[in-house]
Amino acid sequence: MSLARAHRLRARRLFFMILSVPLTDPDSSAAHLPAVLAGPVLRRVEAHRIVLWLAASRALDATLVIDCSRDGLTVSHRVALDGTCCREVVVGREARLLLVDVQLPQPLPLDTPIRYDILLSEAGVERGVAGWAPHLLYPGRTALEFVVRSRLDNVLFGSCRKPSHPVRDGLARADAVVMEALDRPQARPAFLLLCGDQVYADDVAGPMLSAIHALIGRLGLYGEYLEGAVVPDSDALYAHPDGYYRREKLLPAIKSNDDLRERFFGGVEKPIFTSASAHNHLVTLAEVLAMYLLVWSPVPWQFVAPAMPPLEAPLARRYRAEAAAISGFRAELPQAARVLANQPTLMIFDDHDVTDDWNLSAKWESTAYGHPFSRRIVGNALMAYAFCQGWGNDPDAFANVIPAAERVAENPDATGHLDAARQDALIDALLQTRGWGYALPTTPPLIVLDTRTQRWRNDDHPSQPSGLMDWESLCELQQRLLDQSAAVIVSPAPMFGVKLIEIIQRVMTWTGHALMVDAENWMAHRGSAGTMLNIFRHTRTPGNYVVLSGDVHYSFVYDIEIRARERGPRIWQITSSGLKNEFPRRLLDWLDRLNRWLYAPESPLNRLTKRRDMEIVPRVPDRRRAGERVWNGAGVGQVFLDEAGRPTLVLHHNADGSPPTRFLPAGETGLVRRSAADRATPAP
């Protein structure tokens with residue numbers, strides 16, 4: 001036995017000893033695992049198409065059953081989930097991802113309840129969801145149910161779902177909203193839009209990391225070799241004494257990697273807004289995949305027994321405090337899983353799905369992608385995103401990626417490790433992909449922007465923040481908008497933000513500290529901001545835009561009019577954040593108050609920074625206490641649109657169960673129409 005293999009086997013045994021998970025024979029343990037580990041998650045749904053995602057512990061003999069009523073008759077479809085409509089990516093000894101894309105010969109009826117079930121046949125017995133996942137069914141229902149809406153006139157949306165944040169889960173609140181509309185199909189949301197940070201790969205609580213490692217062991221998720229790291233492979237990483245809360249020590253100790261060490265694991269201080277905690281940053285593909293299973297389904301928690309690893313007293317106290325928050329998160333997982341199974345859901349990444357400040361600047365990119373270990377960290381998170389999120393938005397865009405993913409997992413070596421060359425080749429392909437953004441031909445059209453991988457880099461000043469979209473991708477956006485009367489755009493970061501905060505970000509960027517304040521806003525880059533505003537001004541682009549965003553951990557609504565055209569255009573910036581995250585309350589109160597004081601209509605600051613061809617008017621939350629323009633509370637947003645694509649009602653459903661917050665147009669408040677930052681945003 002080689003020395004390297006002996007080291008790996010010792011590390012693997014230590015890893016399992018730490019987690020108190022026995023090394024079992026694969027055949028003896030398979031029968032004790034549920035067939036379906038997570039899902040189904042209902043993804044892109046159209047009249048002729050249903051897209052689903054599941055995770056299973058073994059190969060399934062499964063049938064999709066669809067029942068609906070058309071012209072007074074019950075229509076039923078039975079589709080075997082075989083290789084013709086289901087791709088299978090094996091990711092472990094007892095784990096595989098099922099990517100289901102069913103094309104229907106006849107269209108489904110619109111605005112009508114459509115029941116669906118997944119029948120599993122085992123040992124001659126056929127069971128539906130009621131038998132193998134009853135927590136996914138709404139009261140009084142015997143099957144899952146969705147509606148294909150004829151118009152995009154009602155959407156739920158949100159972002160930033162951090163399991164360890166000590167607030168309730170906005171996805172559980174979204175479940176309650178959907179349940180209230182079950183018997184009113186035309187009141188059902190057309191889509192649940194998840195606008196970024198569906199997982200926090202870079203900010204993981206100790207108990208969650210322990211559960212991730214326990215699940216990796218239980219399912220036998222494949223390991224990997226780690227080129228450029230101070231540990232040889234994933235087994236050594238999991239077993240290393242610094243694997244919890246001190247992963248920064250495991251980075252390569254070379255001078256050229258100092259910036260990378262600071263970015264990925266250094267917990268860069270951000271005293272103006274928040275502090276990053278990346279000491280448990282996920283590294284391997286198995287870690288990120290296990291994270292998805294644990295944040296989308298209560299099932300994996302039923303057969304893992306995470307144990308606290310050996311920790312010093314301060315870290316042990318932190319671990320126990322985080323365990324309480326994770327326990328609360330687990331309690332609401334059945335509701336979160338239920339809404340994902342019954343409500344068509346679309347997704348897009350933001351930075352925390354991969355790592356904080358992902359692709360912030362040209363210098364960040366050259367540093368991160370210039371080292372094999374950091375490239376692998378980013379690539380693994382992007383690979384997991386492609387499998388679990390990206391594919392379900394637009395399966396056609398990933399037609400060449402999924403076969404490559406299947407090959408990556410083929411024939412792991414004797415120790416259960418992936419082929420490193422194939423893994424790196426797939427990462428290279430994903431890093432070159434331009435298909436992360438997508439559009440749906442709804443009425444009005446829905447356009448979801450990729451603001452992370454197609455950035456407008458500042459080559460003259462590589463440390464300066466890049467534009468959120470480059471010129472080519474903005475031109476593609478304009479082509480999608482031409483001759484449309486209205487559009488709904490998902491931009492993970494708000495296009496128009498709170499003025500004071502954007503000014504602070506600009507000042508910090510000028511002083512070379514962009515990383516300290518997450519200086520990522522549309523107005524931070526002259527090229528991308530100016531091009532976007534010119535698209536709005538184009539005479540053949542829509543007259544009405546609704547822009548849905550998240551990212552910032554607070555919620556607000558701006559009514560915007562650009563005066564460059566005879567009639568409009570009108571833009572509504574609607575931001576809801578986060579699903580399970582909040583801004584520090586006292587800090588946001590002061591920023592909101594200062595924003596109103598410093599940028600009053602006659603303020604010199606306002607005169608120096610306002611855009612004279614644009615009017616921005618805030619809607620105010622009806623539950624405000626002292627004139628707030630923003631709302632700070634975890635939950636999920638909901639927007640209702642009229643036939644012209646204009647918002648008639650904007651709600652924020654609070655995760656704590658309190659009444660929803662309504663954002664009131666200026667005419668309904670009796671307040672002065674414009675104030676502080678209401679009149680202007682920084683010029684690009």
# chains A, B, ... in the order shown; residues from 1 in each chain; ligands from 1
>>> residues_around(residues="Phe191 (chain A)", least_positions_apart="2", cutoff="8 Å", atoms="only C-alpha atoms", output="MDAnalysis selection string")
chainID A and resid 154:156 189 193 343:346
>>> atom_distance(atom1="CA of Ser327 (chain A)", atom2="CA of Leu293 (chain A)")
15.9 Å
>>> residues_around(residues="His135 (chain A)", least_positions_apart="5", cutoff="9 Å", atoms="only C-alpha atoms", output="list in words")
Val129, Ala130, Pro334, Gln335, Ala337 and Arg338 of chain A
>>> closest_residue(among="A:Met614, A:Leu340, A:Val630, A:Ala321", to="Val178 (chain A)", atoms="only C-alpha atoms")
A:Leu340
>>> closest_residue(among="A:Leu481, A:Ile50, A:Ile562, A:Ala381", to="Asn393 (chain A)", atoms="only C-alpha atoms")
A:Ile50
>>> closest_residue(among="A:Gln198, A:Ile348, A:Arg173, A:Asp424", to="Ala405 (chain A)", atoms="only C-alpha atoms")
A:Asp424
>>> residues_around(residues="Gly220 (chain A)", least_positions_apart="4", cutoff="6 Å", atoms="only C-alpha atoms", output="PDB file with N, CA, C and O atoms, in the first residue's frame")
ATOM      1  N   GLY A  92     -22.761   9.794  -5.563  1.00  0.00           N
ATOM      2  CA  GLY A  92     -22.257   9.071  -4.409  1.00  0.00           C
ATOM      3  C   GLY A  92     -22.681   7.618  -4.451  1.00  0.00           C
ATOM      4  O   GLY A  92     -23.460   7.197  -5.317  1.00  0.00           O
ATOM      5  N   ARG A  93     -22.161   6.857  -3.500  1.00  0.00           N
ATOM      6  CA  ARG A  93     -22.486   5.440  -3.428  1.00  0.00           C
ATOM      7  C   ARG A  93     -23.989   5.233  -3.314  1.00  0.00           C
ATOM      8  O   ARG A  93     -24.551   4.302  -3.900  1.00  0.00           O
ATOM      9  N   ILE A 216     -22.434  13.248   4.081  1.00  0.00           N
ATOM     10  CA  ILE A 216     -21.447  12.752   3.121  1.00  0.00           C
ATOM     11  C   ILE A 216     -21.079  11.311   3.447  1.00  0.00           C
ATOM     12  O   ILE A 216     -21.025  10.441   2.562  1.00  0.00           O
TER      13      ILE A 216
END
>>> closest_residue(among="A:Val90, A:Val36, A:Leu285, A:Leu120", to="Met383 (chain A)", atoms="only C-alpha atoms")
A:Leu285
>>> closest_residue(among="A:Trp132, A:Tyr319, A:Phe157, A:Tyr138", to="Pro207 (chain A)", atoms="only C-alpha atoms")
A:Tyr319
>>> atom_distance(atom1="CA of Tyr244 (chain A)", atom2="CA of Leu282 (chain A)")
10.6 Å
>>> residues_around(residues="Ala290 (chain A)", least_positions_apart="6", cutoff="10 Å", atoms="only C-alpha atoms", output="JSON, numbers by chain")
{"A": [95, 208, 209, 211, 212, 213, 214, 215, 216, 219, 221, 300, 384]}
>>> residues_around(residues="region 644-650 of chain A", least_positions_apart="5", cutoff="8 Å", atoms="only C-alpha atoms", output="list in words")
Asp153, Pro444, Ser485, Ala486, Ala487, Val488, Asn544, Tyr545, Val546, Trp572, Gly637, Gln638, Val639, Arg662, Phe663 and Leu664 of chain A
>>> write_last_selection(atoms="all heavy atoms", output="CSV table (one decimal), in the first residue's frame")
chain,number,residue,atom,x,y,z
A,153,ASP,N,-49.1,37.7,-13.6
A,153,ASP,CA,-49.8,38.8,-12.9
A,153,ASP,C,-49.6,38.7,-11.4
A,153,ASP,O,-50.2,39.6,-10.6
A,153,ASP,CB,-51.2,38.9,-13.3
A,153,ASP,CG,-52.0,37.6,-13.0
A,153,ASP,OD1,-51.4,36.7,-12.4
A,153,ASP,OD2,-53.2,37.6,-13.3
A,444,PRO,N,-46.6,39.6,-19.0
A,444,PRO,CA,-45.4,40.1,-19.8
A,444,PRO,C,-44.2,39.1,-19.7
A,444,PRO,O,-44.2,38.3,-18.8
A,444,PRO,CB,-45.1,41.4,-19.1
A,444,PRO,CG,-45.6,41.3,-17.7
A,444,PRO,CD,-46.8,40.4,-17.7
A,485,SER,N,-44.2,45.6,-24.7
A,485,SER,CA,-44.9,46.7,-24.0
A,485,SER,C,-44.5,46.8,-22.5
A,485,SER,O,-44.6,47.9,-21.9
A,485,SER,CB,-46.4,46.7,-24.2
A,485,SER,OG,-46.9,45.4,-23.6
A,486,ALA,N,-44.2,45.7,-22.0
A,486,ALA,CA,-43.8,45.6,-20.5
A,486,ALA,C,-42.9,44.4,-20.3
A,486,ALA,O,-42.8,43.5,-21.2
A,486,ALA,CB,-45.1,45.4,-19.7
A,487,ALA,N,-42.2,44.4,-19.2
A,487,ALA,CA,-41.3,43.3,-18.9
A,487,ALA,C,-41.1,43.2,-17.4
A,487,ALA,O,-41.1,44.3,-16.7
A,487,ALA,CB,-39.9,43.5,-19.6
A,488,VAL,N,-40.9,42.0,-16.9
A,488,VAL,CA,-40.5,41.8,-15.5
A,488,VAL,C,-39.1,41.3,-15.6
A,488,VAL,O,-38.8,40.3,-16.2
A,488,VAL,CB,-41.4,40.7,-14.8
A,488,VAL,CG1,-40.9,40.4,-13.4
A,488,VAL,CG2,-42.8,41.2,-14.8
A,544,ASN,N,-43.1,49.9,-19.5
A,544,ASN,CA,-43.3,49.6,-18.1
A,544,ASN,C,-42.3,48.4,-17.8
A,544,ASN,O,-42.3,47.4,-18.5
A,544,ASN,CB,-44.7,49.1,-17.8
A,544,ASN,CG,-45.7,50.2,-18.0
A,544,ASN,OD1,-45.5,51.4,-17.6
A,544,ASN,ND2,-46.9,49.9,-18.5
A,545,TYR,N,-41.5,48.7,-16.8
A,545,TYR,CA,-40.6,47.7,-16.3
A,545,TYR,C,-40.8,47.4,-14.8
A,545,TYR,O,-40.9,48.4,-14.0
A,545,TYR,CB,-39.1,48.1,-16.4
A,545,TYR,CG,-38.6,48.3,-17.8
A,545,TYR,CD1,-38.7,49.6,-18.4
A,545,TYR,CD2,-37.9,47.3,-18.4
A,545,TYR,CE1,-38.2,49.8,-19.7
A,545,TYR,CE2,-37.4,47.6,-19.7
A,545,TYR,CZ,-37.5,48.8,-20.3
A,545,TYR,OH,-37.0,49.0,-21.5
A,546,VAL,N,-40.9,46.2,-14.4
A,546,VAL,CA,-40.8,45.8,-13.0
A,546,VAL,C,-39.5,45.1,-12.7
A,546,VAL,O,-39.3,44.1,-13.4
A,546,VAL,CB,-42.0,44.9,-12.6
A,546,VAL,CG1,-41.8,44.4,-11.1
A,546,VAL,CG2,-43.3,45.7,-12.6
A,572,TRP,N,-40.4,50.2,-11.8
A,572,TRP,CA,-40.6,50.0,-10.4
A,572,TRP,C,-39.6,49.0,-9.9
A,572,TRP,O,-39.5,47.9,-10.3
A,572,TRP,CB,-42.0,49.3,-10.2
A,572,TRP,CG,-43.1,50.2,-10.5
A,572,TRP,CD1,-43.8,51.1,-9.6
A,572,TRP,CD2,-43.7,50.5,-11.8
A,572,TRP,NE1,-44.8,51.8,-10.3
A,572,TRP,CE2,-44.8,51.5,-11.6
A,572,TRP,CE3,-43.5,50.0,-13.1
A,572,TRP,CZ2,-45.6,51.9,-12.7
A,572,TRP,CZ3,-44.3,50.4,-14.1
A,572,TRP,CH2,-45.3,51.4,-13.9
A,637,GLY,N,-41.5,38.4,-0.7
A,637,GLY,CA,-42.3,39.5,-1.4
A,637,GLY,C,-43.3,38.9,-2.3
A,637,GLY,O,-43.2,37.8,-2.8
A,638,GLN,N,-44.3,39.7,-2.5
A,638,GLN,CA,-45.4,39.3,-3.5
A,638,GLN,C,-45.8,40.6,-4.3
A,638,GLN,O,-46.0,41.7,-3.7
A,638,GLN,CB,-46.6,38.7,-2.8
A,638,GLN,CG,-47.6,38.2,-3.8
A,638,GLN,CD,-48.7,37.4,-3.1
A,638,GLN,OE1,-49.0,37.6,-1.9
A,638,GLN,NE2,-49.4,36.5,-3.9
A,639,VAL,N,-45.9,40.5,-5.6
A,639,VAL,CA,-46.2,41.6,-6.5
A,639,VAL,C,-47.4,41.1,-7.4
A,639,VAL,O,-47.4,40.1,-8.0
A,639,VAL,CB,-45.0,42.0,-7.3
A,639,VAL,CG1,-45.4,43.2,-8.2
A,639,VAL,CG2,-43.8,42.4,-6.5
A,662,ARG,N,-47.5,46.3,3.5
A,662,ARG,CA,-47.8,46.8,2.2
A,662,ARG,C,-47.0,48.1,1.9
A,662,ARG,O,-46.9,48.9,2.8
A,662,ARG,CB,-49.3,47.1,2.1
A,662,ARG,CG,-49.8,47.6,0.8
A,662,ARG,CD,-51.3,48.0,0.9
A,662,ARG,NE,-51.7,48.6,-0.4
A,662,ARG,CZ,-52.9,49.2,-0.6
A,662,ARG,NH1,-53.7,49.3,0.4
A,662,ARG,NH2,-53.2,49.7,-1.7
A,663,PHE,N,-46.5,48.1,0.7
A,663,PHE,CA,-45.8,49.3,0.3
A,663,PHE,C,-46.7,50.3,-0.4
A,663,PHE,O,-47.3,49.9,-1.5
A,663,PHE,CB,-44.6,49.0,-0.6
A,663,PHE,CG,-43.4,48.4,0.2
A,663,PHE,CD1,-43.3,47.0,0.4
A,663,PHE,CD2,-42.4,49.2,0.7
A,663,PHE,CE1,-42.3,46.5,1.1
A,663,PHE,CE2,-41.4,48.7,1.5
A,663,PHE,CZ,-41.3,47.3,1.7
A,664,LEU,N,-46.9,51.4,0.1
A,664,LEU,CA,-47.9,52.4,-0.3
A,664,LEU,C,-47.4,53.4,-1.3
A,664,LEU,O,-46.4,54.0,-1.1
A,664,LEU,CB,-48.5,53.1,0.9
A,664,LEU,CG,-49.1,52.3,2.0
A,664,LEU,CD1,-49.5,53.1,3.2
A,664,LEU,CD2,-50.3,51.4,1.5
>>> residues_around(residues="Ala172 (chain A)", least_positions_apart="2", cutoff="12 Å", atoms="only C-alpha atoms", output="PyMOL selection string")
chain A and resi 161+167-170+174-179+296+328-340+579-580+634-636+653-657
>>> write_last_selection(atoms="N, CA, C and O atoms", output="short mmCIF file (atom, residue, chain, number, x, y, z; two decimals), in the first residue's frame")
data_model
loop_
_atom_site.label_atom_id
_atom_site.label_comp_id
_atom_site.auth_asym_id
_atom_site.auth_seq_id
_atom_site.Cartn_x
_atom_site.Cartn_y
_atom_site.Cartn_z
N ARG A 161 -31.33 33.16 1.96
CA ARG A 161 -31.87 32.20 2.93
C ARG A 161 -30.70 31.55 3.66
O ARG A 161 -30.12 30.57 3.22
N VAL A 167 -33.81 33.95 12.68
CA VAL A 167 -35.15 34.41 12.36
C VAL A 167 -35.88 33.26 11.69
O VAL A 167 -35.28 32.25 11.33
N ARG A 168 -37.18 33.42 11.50
CA ARG A 168 -37.96 32.37 10.88
C ARG A 168 -37.75 32.37 9.37
O ARG A 168 -37.20 33.30 8.79
N ASP A 169 -38.20 31.30 8.73
CA ASP A 169 -37.89 31.04 7.34
C ASP A 169 -38.96 31.63 6.42
O ASP A 169 -40.14 31.26 6.51
N GLY A 170 -38.56 32.51 5.51
CA GLY A 170 -39.49 33.10 4.56
C GLY A 170 -40.08 32.09 3.59
O GLY A 170 -41.18 32.31 3.07
N ALA A 174 -43.90 31.63 2.49
CA ALA A 174 -44.37 31.47 1.12
C ALA A 174 -45.31 30.27 1.01
O ALA A 174 -46.31 30.31 0.28
N ASP A 175 -45.01 29.21 1.74
CA ASP A 175 -45.88 28.04 1.76
C ASP A 175 -47.27 28.41 2.26
O ASP A 175 -48.28 27.98 1.71
N ALA A 176 -47.33 29.22 3.30
CA ALA A 176 -48.63 29.65 3.84
C ALA A 176 -49.40 30.49 2.82
O ALA A 176 -50.62 30.37 2.70
N VAL A 177 -48.70 31.35 2.08
CA VAL A 177 -49.35 32.17 1.05
C VAL A 177 -49.96 31.29 -0.03
O VAL A 177 -51.10 31.50 -0.47
N VAL A 178 -49.21 30.30 -0.49
CA VAL A 178 -49.72 29.39 -1.51
C VAL A 178 -50.90 28.59 -0.98
O VAL A 178 -51.91 28.41 -1.68
N MET A 179 -50.81 28.13 0.26
CA MET A 179 -51.89 27.33 0.83
C MET A 179 -53.19 28.13 0.91
O MET A 179 -54.28 27.59 0.70
N TRP A 296 -33.10 21.90 1.57
CA TRP A 296 -34.32 21.75 0.78
C TRP A 296 -35.23 20.64 1.27
O TRP A 296 -36.34 20.52 0.78
N GLY A 328 -34.19 25.54 14.84
CA GLY A 328 -35.35 26.28 14.37
C GLY A 328 -35.53 26.18 12.87
O GLY A 328 -36.65 26.08 12.37
N PHE A 329 -34.42 26.21 12.15
CA PHE A 329 -34.48 26.06 10.69
C PHE A 329 -35.05 24.70 10.31
O PHE A 329 -35.93 24.61 9.44
N ARG A 330 -34.60 23.65 10.97
CA ARG A 330 -35.09 22.30 10.69
C ARG A 330 -36.59 22.18 10.93
O ARG A 330 -37.30 21.49 10.19
N ALA A 331 -37.10 22.88 11.94
CA ALA A 331 -38.51 22.75 12.29
C ALA A 331 -39.42 23.22 11.17
O ALA A 331 -40.57 22.73 11.06
N GLU A 332 -38.96 24.16 10.34
CA GLU A 332 -39.80 24.69 9.27
C GLU A 332 -39.47 24.09 7.90
O GLU A 332 -40.08 24.48 6.90
N LEU A 333 -38.55 23.14 7.85
CA LEU A 333 -38.20 22.54 6.57
C LEU A 333 -39.36 21.82 5.88
O LEU A 333 -39.47 21.88 4.65
N PRO A 334 -40.26 21.14 6.60
CA PRO A 334 -41.39 20.51 5.88
C PRO A 334 -42.21 21.50 5.08
O PRO A 334 -42.64 21.21 3.96
N GLN A 335 -42.45 22.70 5.64
CA GLN A 335 -43.21 23.70 4.91
C GLN A 335 -42.42 24.24 3.72
O GLN A 335 -42.97 24.46 2.63
N ALA A 336 -41.12 24.46 3.90
CA ALA A 336 -40.29 24.93 2.79
C ALA A 336 -40.28 23.91 1.66
O ALA A 336 -40.39 24.26 0.48
N ALA A 337 -40.13 22.62 2.01
CA ALA A 337 -40.13 21.58 0.99
C ALA A 337 -41.47 21.49 0.29
O ALA A 337 -41.54 21.22 -0.92
N ARG A 338 -42.56 21.73 1.03
CA ARG A 338 -43.90 21.63 0.44
C ARG A 338 -44.13 22.70 -0.61
O ARG A 338 -44.66 22.43 -1.70
N VAL A 339 -43.74 23.95 -0.32
CA VAL A 339 -43.96 24.99 -1.33
C VAL A 339 -43.09 24.74 -2.55
O VAL A 339 -43.52 24.99 -3.69
N LEU A 340 -41.89 24.22 -2.38
CA LEU A 340 -41.03 23.92 -3.53
C LEU A 340 -41.59 22.79 -4.38
O LEU A 340 -41.32 22.73 -5.59
N LEU A 579 -35.05 36.13 2.75
CA LEU A 579 -35.94 35.05 3.15
C LEU A 579 -35.65 34.62 4.59
O LEU A 579 -36.56 34.40 5.38
N LYS A 580 -34.38 34.50 4.90
CA LYS A 580 -33.98 34.15 6.26
C LYS A 580 -32.67 34.88 6.57
O LYS A 580 -31.62 34.29 6.76
N ALA A 634 -37.27 39.52 7.88
CA ALA A 634 -37.23 38.35 7.01
C ALA A 634 -38.63 38.05 6.49
O ALA A 634 -39.63 38.28 7.16
N GLY A 635 -38.70 37.52 5.29
CA GLY A 635 -39.98 37.17 4.71
C GLY A 635 -39.88 36.99 3.21
O GLY A 635 -38.78 36.80 2.66
N VAL A 636 -41.02 37.05 2.53
CA VAL A 636 -41.06 36.85 1.08
C VAL A 636 -41.94 37.93 0.46
O VAL A 636 -42.96 38.32 1.02
N HIS A 653 -44.52 39.55 2.94
CA HIS A 653 -45.09 38.65 3.92
C HIS A 653 -44.02 38.32 4.96
O HIS A 653 -43.01 37.69 4.66
N ASN A 654 -44.25 38.75 6.17
CA ASN A 654 -43.23 38.64 7.21
C ASN A 654 -43.12 37.22 7.74
O ASN A 654 -44.13 36.56 8.04
N ALA A 655 -41.88 36.74 7.84
CA ALA A 655 -41.64 35.37 8.26
C ALA A 655 -42.09 35.11 9.69
O ALA A 655 -42.38 33.97 10.05
N ASP A 656 -42.17 36.16 10.51
CA ASP A 656 -42.56 35.97 11.91
C ASP A 656 -44.05 35.75 12.09
O ASP A 656 -44.54 35.59 13.21
N GLY A 657 -44.81 35.75 10.99
CA GLY A 657 -46.24 35.51 11.07
C GLY A 657 -47.08 36.75 11.30
O GLY A 657 -48.31 36.66 11.33
#
>>> closest_residue(among="A:Arg375, A:Tyr438, A:Ala362, A:Val304", to="Asp460 (chain A)", atoms="only C-alpha atoms")
A:Ala362
